[in-house]
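Please read the structure below before turning to the comments.
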Amino acid sequence: MLRSVVSNSIRRTNVTTNGLLLCRGGRTAGRLPPCHYDKALGYHCASSFGSQTNQNASTISSNDKRLTWQAEHNVDIQRVTQRAIIHELTQEQTRTIETVVPWFLNSMPPSYFRQVPEEYRMSHMKAIAAIKDANIDMHMNLQSVKPDGRLILTFIRPGAETGGGLLKLIKDLPWNHNDDGYLPLSEVKVFTAQDEILSISMFTYGEENAGPENVEEAGAHILEYAETLMKGDTVVGDIHPEPEDLFLRENIVDHMKRCSENYIRGADPRRFLQQMKLVRQVSGNEGVAILEEESLDEDTLGCYWLNIAIPNSLPQISLENATRLLDLHHFDVLRAHLDMISDGENGDVTMIRILVSPMDRDRPDKELFRSSFVTPMDGQGSRDDMFKLLKRELKRTKWLDPETMDLVFDRYPWLGVRRGEIITGFCSLMHPIMSKINPLAFSKTSIFHTVTKKRYIGHASAIVDLFLDRFHPTQRISQEDFESQRARLQELIEAEIEDTMAAGLLYKMLEIVSHSLKTNIFLENRYAFGLRLDPSIMVAEQGEDRELPYGILFAHGRRFNGYHVRFRDISRGGMRLVTPPNGEQYALESARQYDECYGLAFAQQLKNKDIPEGGSKAVVLIDVDSLSLSAKNFVMRKSVKAFTDTILDLIVDTPETREQCVNFRGRKEVIYLGPDEQVIPQDINWIIQRAAKRGYDTPNAFMSSKPRAGINHKEYGVTSEGVNVYLDVALREILGLDPKKDSFTLKMTGGPDGDVAGNELKILIREYGDNCKIVGIADHSGCAEDPEGLNHEELMRLFHASLCISHFSESKLGTDGKLHLASTEEGVKARNSMHNRLVSDAFVPAGGRPNTIDMHNYKHFLLEGGGGASSPLIVEGANLFITTEARQALFEEAGVAIVKDSSANKGGVITSSYEIICAMLLSEEEFTDNKQQIVNEVLEKLRNFASMEAKLMFREFHNYPGSLPYHSQMISNAINNTTDVVIRALDDSLVSEAEVMELLPLFRDHLPKTVADLAFDRVKERVPSQYVKNAIASSIASKMVYREGTKFVDAQPQDKLATIALAYIEKGKQVALLRESLEKGGVLGDSEKQDILALLEAGGARTALNLF
């Protein structure tokens, strides 16, 4: 009766034993069988249990001074009763301990005793004994602290830890990377008793201390094994790694310095070397390496070890993904281990080792693996085939978007990872297309929800199968079969799908399949799903009137979608990251992502008129909703890697890509990137290193603005140097001011810490001093306004300290000056309206989001009462700050002269182009030794390009109707059109190789003088021939247009333009010789006099009037 009272009391409460919290779970505990104590193991712990039992009994007996069963006056009866209870409880606990301890020592696997310190083993045995004695379910959560301060959470559960059970544990862990108090998971150990009665899972949180001071002592057993292995003295018949240089002593010691002491001391030598090899495979990159092998232990025969090395990942997420996939494929997890190994600047490598067992080991092997692994896509195969599938999917889990994981792991496991990834990728690709038709019906969420409905998922899957058949590396269907199957699917959709929205989406998926020219879907180690698309797929409706790009690349990955749009075969342009702060804003950005990328690329094409590369842009939209700052940065860096590696998948020419990537485009493609918004030096370095590893022809040229061997745009103010040339010419031509002599006022968006804005402030003060009165500056932090002009010294202080405008000292403001902070509602309103409110001679938008001024709000820029605009002159330092329609409206209604972005800020792209050619021709040492001289020459060239265009643009603006943006675009169109026809002439052999060689001096003239002097003789060897042709063509085009004007080019027949352009250059040489003769003052021959007279006759009065 007394035992029953105490037992029931324990059942109703949590039990705390020696600081361990024992919580009741929901499943029935397995019954521990009687076992015999194994003396050979040498564990003696009965006295410890007895000591703890006495303490607990004393605690229970003293909980209440007056208990219901005590006699009130007879002290002797009370004493005897207490002793009887204590004796009974002690005997009960002793019997439990005598059963638990020998069972525990015999049933836990040897690795448990090797890897878990004795103090934790004792805690586990005490907890198990206490819970069994209390006769409650075998669910216990224990918490302890390691000597180094890290926290250990231990979970004891009944039975073997299935993939689903471990997955639930991981999902319920108290920390994740979004928590403010996030502690990183640094170690995991999961053990299952050999009779599968219980499992023990230990999760260690906190930063792990550095490895042992003496790694050779800690890893002596590993070094000894490696030495034996290298000598060939290992036991014949055992399975050992193949000897290789990686296993030399110095390499192992170097690797052990990156490992924790616990990992080294507890490691089996053979396993340590195997995992070391995996780490080497992924070191410095973002791939995943997996080794699968059968277990050699007698007690786990028929089970398999999976060793997984995952670099630069969140360990808890990696473990969750792995267990989620194992559960999908019906595996029990018998043991699991997770350790972190340093990878230097690349972060850490998460090393996961899992012992898995098919859930039904009694079924025949073939039947088992068919039921566990096979998806309809993959057919039936051997165990090796099935593990190949498992390993492929394990590699993909690092990069899968959460939507894809839910689709294939929870909703439709039969889909398989590959199909699911394509479906989510297609849905993301459709959003910016279909939202133009109906933004409400075709929202991002509704598109995915509709396509993946049970009613339609089979149709979507069939479309994806057609895509896979079309691009299969070895079993690709013919074009005839493709068209036949495509027609059959269209008929099926028409017959079976009544919902017009669903049918429209499925038809669009079929169009995507037809318009896909290349994919990386069959590359084993890809980071994301990539497509090279026929640009016409992005046209939402018939009659959309805008120029089609040359090519589009699309990438869909974990938490991101990215577009790369270009308007010429060889192209360059920046990559920007867009990170909306919430889900609603993300959906809006998703709908307009392609249009933003298109607009930026088109603007780049217009501004790239002076260089060999066409215009391009990459926009990567990243989902950072609800992420902490550290998690946001982590996801951004991963997205950059995944996106750029996917581009490399689609453009590098290697044996792997030739074998695995069917290419309907049929030609090599050359792309150069540059940094834009939120891309950091760490990204740039990784991209260049990755391009080299992937086999890109000119890896140093793949990404501009390299920290050491590049020309940093912000450091040298290259974009702003060009902006200021246009501002200077515009002030003179539009306002009749000489900024060197006359005072003028200016307002600006973009802060002193910004690239374009900060450097423009520096140049304005350098060139014009007190003549320039900067009456207002607005950036993300607020705005500063002063009608007397903001203090120059204070602005330069902020610029040099890289501080935003909110740090402007109010003591430096004039009498009517104000500082508005964006931390207040009033400050936000003031900041957002500053560019409209303040009156100034000129406005330079040098920062801000695209389309800030559009047709809905452009009138705010106008003065009340019809008195014109708040600024009669705008020079666009920022891209797409004003929409095309708003520019025209401001010009027509208020006469605002706007120098558009494709002219004003082209200095940055010119600089990046020169950086590309420097990377091709010069070694890094040559570049750095001559960097300042090269930079000075580049700055001089970009100022010259800006000056030539500005003078032509204002000349045509004064002579012909149309706004400045119109004439700016006409200049770009004229140069680009001429460049394209000359390129075609050079490509189509209309010009002989000898004639091309005669044009090489144009390429030399294009180069900075120092580069030409050092390395022009390397051009044939190091510069792609197509690049040289492009450079020659753009040089010819820009020379002709800047000198003769757009009307001259437009007047030429298109089919003769290339011939005329080439002849123009030849005639230009003759004119140059005549000019040289005149300048020398020598006696002219009769033929020279006739040539001069002919030129004067041809130009005549029209030339004198400056009309072209």
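Starting from 1 in every chain, residues are counted up; chains themselves are A, B, ... following the order of the structure tokens, and ligands are numbered from 1 as listed.
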Within 6 Å of A:Cys783 using only C-alpha atoms, minus same-chain residues under 3 positions, as an mmCIF file with all heavy atoms, in the first residue's frame:
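Writing the result to selection.cif gives the following:
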data_model
loop_
_atom_site.group_PDB
_atom_site.id
_atom_site.type_symbol
_atom_site.label_atom_id
_atom_site.label_comp_id
_atom_site.auth_asym_id
_atom_site.auth_seq_id
_atom_site.Cartn_x
_atom_site.Cartn_y
_atom_site.Cartn_z
ATOM 1 N N ILE A 777 20.560 66.526 -48.629
ATOM 2 C CA ILE A 777 21.013 65.159 -48.899
ATOM 3 C C ILE A 777 20.085 64.212 -48.147
ATOM 4 O O ILE A 777 19.829 64.397 -46.945
ATOM 5 C CB ILE A 777 22.465 64.930 -48.440
ATOM 6 C CG1 ILE A 777 23.429 65.780 -49.271
ATOM 7 C CG2 ILE A 777 22.842 63.455 -48.535
ATOM 8 C CD1 ILE A 777 24.874 65.653 -48.825
ATOM 9 N N ALA A 778 19.603 63.178 -48.839
ATOM 10 C CA ALA A 778 18.745 62.175 -48.195
ATOM 11 C C ALA A 778 19.308 60.791 -48.469
ATOM 12 O O ALA A 778 19.773 60.493 -49.578
ATOM 13 C CB ALA A 778 17.318 62.265 -48.732
ATOM 14 N N LEU A 819 17.925 68.605 -39.504
ATOM 15 C CA LEU A 819 18.322 67.212 -39.652
ATOM 16 C C LEU A 819 17.125 66.342 -39.296
ATOM 17 O O LEU A 819 16.602 66.422 -38.175
ATOM 18 C CB LEU A 819 19.508 66.879 -38.741
ATOM 19 C CG LEU A 819 20.016 65.430 -38.793
ATOM 20 C CD1 LEU A 819 20.594 65.119 -40.163
ATOM 21 C CD2 LEU A 819 21.059 65.191 -37.703
ATOM 22 N N HIS A 820 16.659 65.533 -40.216
ATOM 23 C CA HIS A 820 15.517 64.649 -40.003
ATOM 24 C C HIS A 820 16.006 63.209 -39.953
ATOM 25 O O HIS A 820 16.721 62.768 -40.867
ATOM 26 C CB HIS A 820 14.494 64.793 -41.136
ATOM 27 C CG HIS A 820 13.956 66.173 -41.302
ATOM 28 N ND1 HIS A 820 12.967 66.698 -40.499
ATOM 29 C CD2 HIS A 820 14.280 67.152 -42.191
ATOM 30 C CE1 HIS A 820 12.688 67.937 -40.883
ATOM 31 N NE2 HIS A 820 13.477 68.239 -41.903
ATOM 32 N N ARG A 831 12.372 62.718 -45.288
ATOM 33 C CA ARG A 831 13.361 62.065 -46.147
ATOM 34 C C ARG A 831 12.762 61.683 -47.494
ATOM 35 O O ARG A 831 13.351 61.923 -48.543
ATOM 36 C CB ARG A 831 13.886 60.812 -45.463
ATOM 37 C CG ARG A 831 14.897 60.027 -46.295
ATOM 38 C CD ARG A 831 15.012 58.594 -45.828
ATOM 39 N NE ARG A 831 13.748 57.857 -45.981
ATOM 40 C CZ ARG A 831 13.555 56.623 -45.549
ATOM 41 N NH1 ARG A 831 14.517 55.990 -44.923
ATOM 42 N NH2 ARG A 831 12.378 56.021 -45.743
#
Against stretch 932-953 of chain A, which residues of stretch 574-689 of chain A fall within 12 Å? For each one I want the closest pair of atoms and the distance in Å (one decimal), counting only C-alpha atoms, rows by chain and increasing residue number, as a tab-separated table.
residue	atom	partner	partner_atom	distance
A:Lys607	CA	A:Ala946	CA	10.4
A:Asn608	CA	A:Phe945	CA	11.1
A:Lys609	CA	A:Phe945	CA	10.0
A:Asp610	CA	A:Phe945	CA	7.4
A:Ile611	CA	A:Phe945	CA	10.2
DSSP on the backbone: which residues in stretch 761-1010 of chain A end up as strand (DSSP E)? Give the answer as a PDB file with N, CA, C and O atoms, in the first residue's frame.
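Final output, part_25.pdb:
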ATOM      1  N   CYS A 772      29.625  75.583 -55.031  1.00  0.00           N
ATOM      2  CA  CYS A 772      28.590  74.543 -54.967  1.00  0.00           C
ATOM      3  C   CYS A 772      27.932  74.549 -53.597  1.00  0.00           C
ATOM      4  O   CYS A 772      28.576  74.245 -52.579  1.00  0.00           O
ATOM      5  N   LYS A 773      26.671  74.885 -53.554  1.00  0.00           N
ATOM      6  CA  LYS A 773      25.918  74.874 -52.298  1.00  0.00           C
ATOM      7  C   LYS A 773      24.979  73.664 -52.313  1.00  0.00           C
ATOM      8  O   LYS A 773      24.018  73.621 -53.087  1.00  0.00           O
ATOM      9  N   ILE A 774      25.285  72.686 -51.464  1.00  0.00           N
ATOM     10  CA  ILE A 774      24.500  71.450 -51.393  1.00  0.00           C
ATOM     11  C   ILE A 774      23.404  71.674 -50.366  1.00  0.00           C
ATOM     12  O   ILE A 774      23.655  71.663 -49.154  1.00  0.00           O
ATOM     13  N   VAL A 775      22.176  71.880 -50.834  1.00  0.00           N
ATOM     14  CA  VAL A 775      21.104  72.310 -49.943  1.00  0.00           C
ATOM     15  C   VAL A 775      20.373  71.135 -49.289  1.00  0.00           C
ATOM     16  O   VAL A 775      19.605  71.337 -48.343  1.00  0.00           O
ATOM     17  N   GLY A 776      20.572  69.920 -49.774  1.00  0.00           N
ATOM     18  CA  GLY A 776      19.888  68.781 -49.161  1.00  0.00           C
ATOM     19  C   GLY A 776      20.483  67.459 -49.595  1.00  0.00           C
ATOM     20  O   GLY A 776      20.875  67.290 -50.748  1.00  0.00           O
ATOM     21  N   ILE A 777      20.560  66.526 -48.629  1.00  0.00           N
ATOM     22  CA  ILE A 777      21.013  65.159 -48.899  1.00  0.00           C
ATOM     23  C   ILE A 777      20.085  64.212 -48.147  1.00  0.00           C
ATOM     24  O   ILE A 777      19.829  64.397 -46.945  1.00  0.00           O
ATOM     25  N   ALA A 778      19.603  63.178 -48.839  1.00  0.00           N
ATOM     26  CA  ALA A 778      18.745  62.175 -48.195  1.00  0.00           C
ATOM     27  C   ALA A 778      19.308  60.791 -48.469  1.00  0.00           C
ATOM     28  O   ALA A 778      19.773  60.493 -49.578  1.00  0.00           O
ATOM     29  N   ASP A 779      19.288  59.943 -47.442  1.00  0.00           N
ATOM     30  CA  ASP A 779      19.655  58.535 -47.623  1.00  0.00           C
ATOM     31  C   ASP A 779      18.754  57.684 -46.738  1.00  0.00           C
ATOM     32  O   ASP A 779      17.752  58.157 -46.200  1.00  0.00           O
ATOM     33  N   GLY A 782      17.886  59.177 -43.113  1.00  0.00           N
ATOM     34  CA  GLY A 782      17.213  60.452 -42.893  1.00  0.00           C
ATOM     35  C   GLY A 782      17.630  61.454 -43.943  1.00  0.00           C
ATOM     36  O   GLY A 782      18.046  61.102 -45.053  1.00  0.00           O
ATOM     37  N   CYS A 783      17.549  62.741 -43.602  1.00  0.00           N
ATOM     38  CA  CYS A 783      18.004  63.774 -44.532  1.00  0.00           C
ATOM     39  C   CYS A 783      18.470  65.006 -43.773  1.00  0.00           C
ATOM     40  O   CYS A 783      18.006  65.300 -42.666  1.00  0.00           O
ATOM     41  N   ALA A 784      19.426  65.705 -44.383  1.00  0.00           N
ATOM     42  CA  ALA A 784      19.929  66.975 -43.851  1.00  0.00           C
ATOM     43  C   ALA A 784      19.635  68.052 -44.876  1.00  0.00           C
ATOM     44  O   ALA A 784      19.870  67.856 -46.077  1.00  0.00           O
ATOM     45  N   GLU A 785      19.115  69.206 -44.406  1.00  0.00           N
ATOM     46  CA  GLU A 785      18.729  70.296 -45.297  1.00  0.00           C
ATOM     47  C   GLU A 785      19.277  71.610 -44.760  1.00  0.00           C
ATOM     48  O   GLU A 785      19.257  71.851 -43.551  1.00  0.00           O
ATOM     49  N   LYS A 818      18.082  71.848 -41.013  1.00  0.00           N
ATOM     50  CA  LYS A 818      17.371  70.831 -40.245  1.00  0.00           C
ATOM     51  C   LYS A 818      17.975  69.456 -40.529  1.00  0.00           C
ATOM     52  O   LYS A 818      18.446  69.180 -41.636  1.00  0.00           O
ATOM     53  N   LEU A 819      17.925  68.605 -39.504  1.00  0.00           N
ATOM     54  CA  LEU A 819      18.322  67.212 -39.652  1.00  0.00           C
ATOM     55  C   LEU A 819      17.125  66.342 -39.296  1.00  0.00           C
ATOM     56  O   LEU A 819      16.602  66.422 -38.175  1.00  0.00           O
ATOM     57  N   HIS A 820      16.659  65.533 -40.216  1.00  0.00           N
ATOM     58  CA  HIS A 820      15.517  64.649 -40.003  1.00  0.00           C
ATOM     59  C   HIS A 820      16.006  63.209 -39.953  1.00  0.00           C
ATOM     60  O   HIS A 820      16.721  62.768 -40.867  1.00  0.00           O
ATOM     61  N   LEU A 821      15.617  62.480 -38.922  1.00  0.00           N
ATOM     62  CA  LEU A 821      16.037  61.098 -38.767  1.00  0.00           C
ATOM     63  C   LEU A 821      14.912  60.142 -39.169  1.00  0.00           C
ATOM     64  O   LEU A 821      13.753  60.366 -38.817  1.00  0.00           O
ATOM     65  N   ALA A 842      20.107  72.103 -59.522  1.00  0.00           N
ATOM     66  CA  ALA A 842      20.308  70.752 -60.069  1.00  0.00           C
ATOM     67  C   ALA A 842      19.979  69.718 -59.008  1.00  0.00           C
ATOM     68  O   ALA A 842      20.108  69.962 -57.804  1.00  0.00           O
ATOM     69  N   PHE A 843      19.552  68.561 -59.492  1.00  0.00           N
ATOM     70  CA  PHE A 843      19.274  67.414 -58.626  1.00  0.00           C
ATOM     71  C   PHE A 843      20.076  66.228 -59.156  1.00  0.00           C
ATOM     72  O   PHE A 843      20.003  65.894 -60.349  1.00  0.00           O
ATOM     73  N   VAL A 844      20.842  65.607 -58.259  1.00  0.00           N
ATOM     74  CA  VAL A 844      21.626  64.429 -58.629  1.00  0.00           C
ATOM     75  C   VAL A 844      21.133  63.242 -57.793  1.00  0.00           C
ATOM     76  O   VAL A 844      21.511  63.099 -56.625  1.00  0.00           O
ATOM     77  N   PRO A 845      20.239  62.403 -58.347  1.00  0.00           N
ATOM     78  CA  PRO A 845      19.898  61.167 -57.637  1.00  0.00           C
ATOM     79  C   PRO A 845      21.086  60.206 -57.727  1.00  0.00           C
ATOM     80  O   PRO A 845      21.385  59.684 -58.793  1.00  0.00           O
ATOM     81  N   LEU A 873      17.218  70.879 -63.734  1.00  0.00           N
ATOM     82  CA  LEU A 873      18.230  69.981 -64.280  1.00  0.00           C
ATOM     83  C   LEU A 873      18.384  68.768 -63.367  1.00  0.00           C
ATOM     84  O   LEU A 873      18.511  68.912 -62.149  1.00  0.00           O
ATOM     85  N   ILE A 874      18.347  67.580 -63.964  1.00  0.00           N
ATOM     86  CA  ILE A 874      18.579  66.330 -63.219  1.00  0.00           C
ATOM     87  C   ILE A 874      19.668  65.539 -63.941  1.00  0.00           C
ATOM     88  O   ILE A 874      19.596  65.344 -65.161  1.00  0.00           O
ATOM     89  N   VAL A 875      20.658  65.109 -63.187  1.00  0.00           N
ATOM     90  CA  VAL A 875      21.706  64.236 -63.720  1.00  0.00           C
ATOM     91  C   VAL A 875      21.645  62.940 -62.931  1.00  0.00           C
ATOM     92  O   VAL A 875      21.935  62.909 -61.732  1.00  0.00           O
ATOM     93  N   ALA A 897      15.413  69.251 -67.901  1.00  0.00           N
ATOM     94  CA  ALA A 897      16.471  68.595 -68.673  1.00  0.00           C
ATOM     95  C   ALA A 897      17.052  67.467 -67.822  1.00  0.00           C
ATOM     96  O   ALA A 897      17.552  67.710 -66.720  1.00  0.00           O
ATOM     97  N   ILE A 898      16.967  66.259 -68.334  1.00  0.00           N
ATOM     98  CA  ILE A 898      17.405  65.084 -67.569  1.00  0.00           C
ATOM     99  C   ILE A 898      18.494  64.353 -68.341  1.00  0.00           C
ATOM    100  O   ILE A 898      18.273  63.909 -69.468  1.00  0.00           O
ATOM    101  N   VAL A 899      19.665  64.269 -67.734  1.00  0.00           N
ATOM    102  CA  VAL A 899      20.734  63.422 -68.277  1.00  0.00           C
ATOM    103  C   VAL A 899      20.506  62.038 -67.697  1.00  0.00           C
ATOM    104  O   VAL A 899      20.691  61.817 -66.505  1.00  0.00           O
TER     105      VAL A 899
END
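Ranking A:Phe104, A:Thr204, A:Gly847, A:Trp686 by their shortest atom-to-atom distance to A:Arg150, with only C-alpha atoms included, puts A:Thr204 first.
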*To one decimal in Å, tell me the separation between atom CA of A:Gly710 and atom CA of A:Val679.*
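Atom CA of A:Gly710 sits 14.9 Å away from atom CA of A:Val679.
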Discussion item. Write out as a ChimeraX atom specification the set of residues from stretch 111-249 of chain A that DSSP, computed on the backbone, places in helix (DSSP H, G or I).
Written reply: /A:111-115,118-133,163-171,215-218,220-231,245-247,249
Q.
Measuring between only C-alpha atoms, which one of A:Leu407, A:Gly232, A:Pro612, A:Phe471 shows the shortest distance to A:Val451?
A.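 Among the listed residues, the smallest separation from A:Val451 belongs to A:Leu407.
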Quick one: of A:Glu250, A:Asp148, A:Glu885, A:Glu721, who's nearest to A:Asn209, counting only C-alpha atoms?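 That would be A:Asp148, the residue with the smallest distance to A:Asn209.
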Between atom CA of A:Leu813 and atom CA of A:Leu798, what is the distance, to one decimal in Å?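 The value is 14.3 Å.
When only C-alpha atoms are used to measure the gap to A:Leu650, the shortest distance among A:Phe554, A:Phe203, A:Tyr586, A:Tyr1027 belongs to A:Phe554.
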(message) Show me, as a VMD selection string, the residues that have an atom within 7 Å of stretch 336-349 of chain A when counting only C-alpha atoms, minus same-chain residues fewer than 6 positions from it.
(response) chain A and resid 186 to 191 258 to 259 263 283 to 284 309 to 312 355
The residue from A:Asp625, A:Glu760, A:Asp653, A:Glu892 with the smallest atom-to-atom distance to A:Ser720, counting only C-alpha atoms, is A:Glu760
Review point. So what do you get for atom CA of A:Pro739 versus atom CA of A:Gly907, distance-wise?
Key: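 Calculated distance between atom CA of A:Pro739 and atom CA of A:Gly907 is 21.1 Å.
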Restricting to only C-alpha atoms, whichever of A:Glu286, A:Glu242, A:Glu421, A:Glu217 is closest to A:Glu403 is A:Glu421
Skipping near chain neighbours, those fewer than 4 positions away, what residues fall within 8 Å of stretch 1009-1011 of chain A using only C-alpha atoms, listed as a list in words? Cys918, Leu921, Leu922, Asn930, Gln933, Ile934, Glu937, Asp1005, Ala1015 and Phe1016 of chain A
Write the selection just made, keeping N, CA and C atoms, as a CSV table (one decimal), in the first residue's frame?
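Output (selection39.csv):
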chain,number,residue,atom,x,y,z
A,918,CYS,N,42.6,44.0,-68.2
A,918,CYS,CA,43.8,43.9,-67.3
A,918,CYS,C,44.0,42.5,-66.8
A,921,LEU,N,45.3,40.2,-69.6
A,921,LEU,CA,46.7,40.5,-70.1
A,921,LEU,C,47.8,40.5,-69.1
A,922,LEU,N,47.5,40.9,-67.9
A,922,LEU,CA,48.5,41.2,-66.9
A,922,LEU,C,48.4,40.1,-65.7
A,930,ASN,N,51.7,48.4,-61.1
A,930,ASN,CA,51.5,49.6,-62.0
A,930,ASN,C,50.1,50.2,-61.7
A,933,GLN,N,49.1,54.1,-61.9
A,933,GLN,CA,49.3,54.7,-63.2
A,933,GLN,C,48.1,54.2,-64.1
A,934,ILE,N,47.8,52.9,-64.0
A,934,ILE,CA,46.7,52.3,-64.8
A,934,ILE,C,45.4,53.0,-64.4
A,937,GLU,N,45.1,56.4,-65.9
A,937,GLU,CA,44.8,56.3,-67.4
A,937,GLU,C,43.4,56.0,-67.6
A,1005,ASP,N,44.8,51.2,-79.2
A,1005,ASP,CA,44.4,52.6,-78.7
A,1005,ASP,C,43.3,52.5,-77.6
A,1015,ALA,N,51.8,44.6,-72.4
A,1015,ALA,CA,51.3,43.3,-72.7
A,1015,ALA,C,50.5,43.2,-74.0
A,1016,PHE,N,50.7,44.2,-74.9
A,1016,PHE,CA,49.9,44.1,-76.2
A,1016,PHE,C,50.3,42.9,-77.0
Which residues come within 9 Å of A:Val996, counting only C-alpha atoms, excluding same-chain residues fewer than 3 positions away, as a PyMOL selection string?
chain A and resi 986+991-993+999-1000+1029+1032
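Non-sequential neighbours of A:Asp195 (distance at most 9 Å, separation of 3 or more positions within a chain, only C-alpha atoms) are Ser107, Met108, Gly159, Ala160, Thr192 and Leu198 of chain A.
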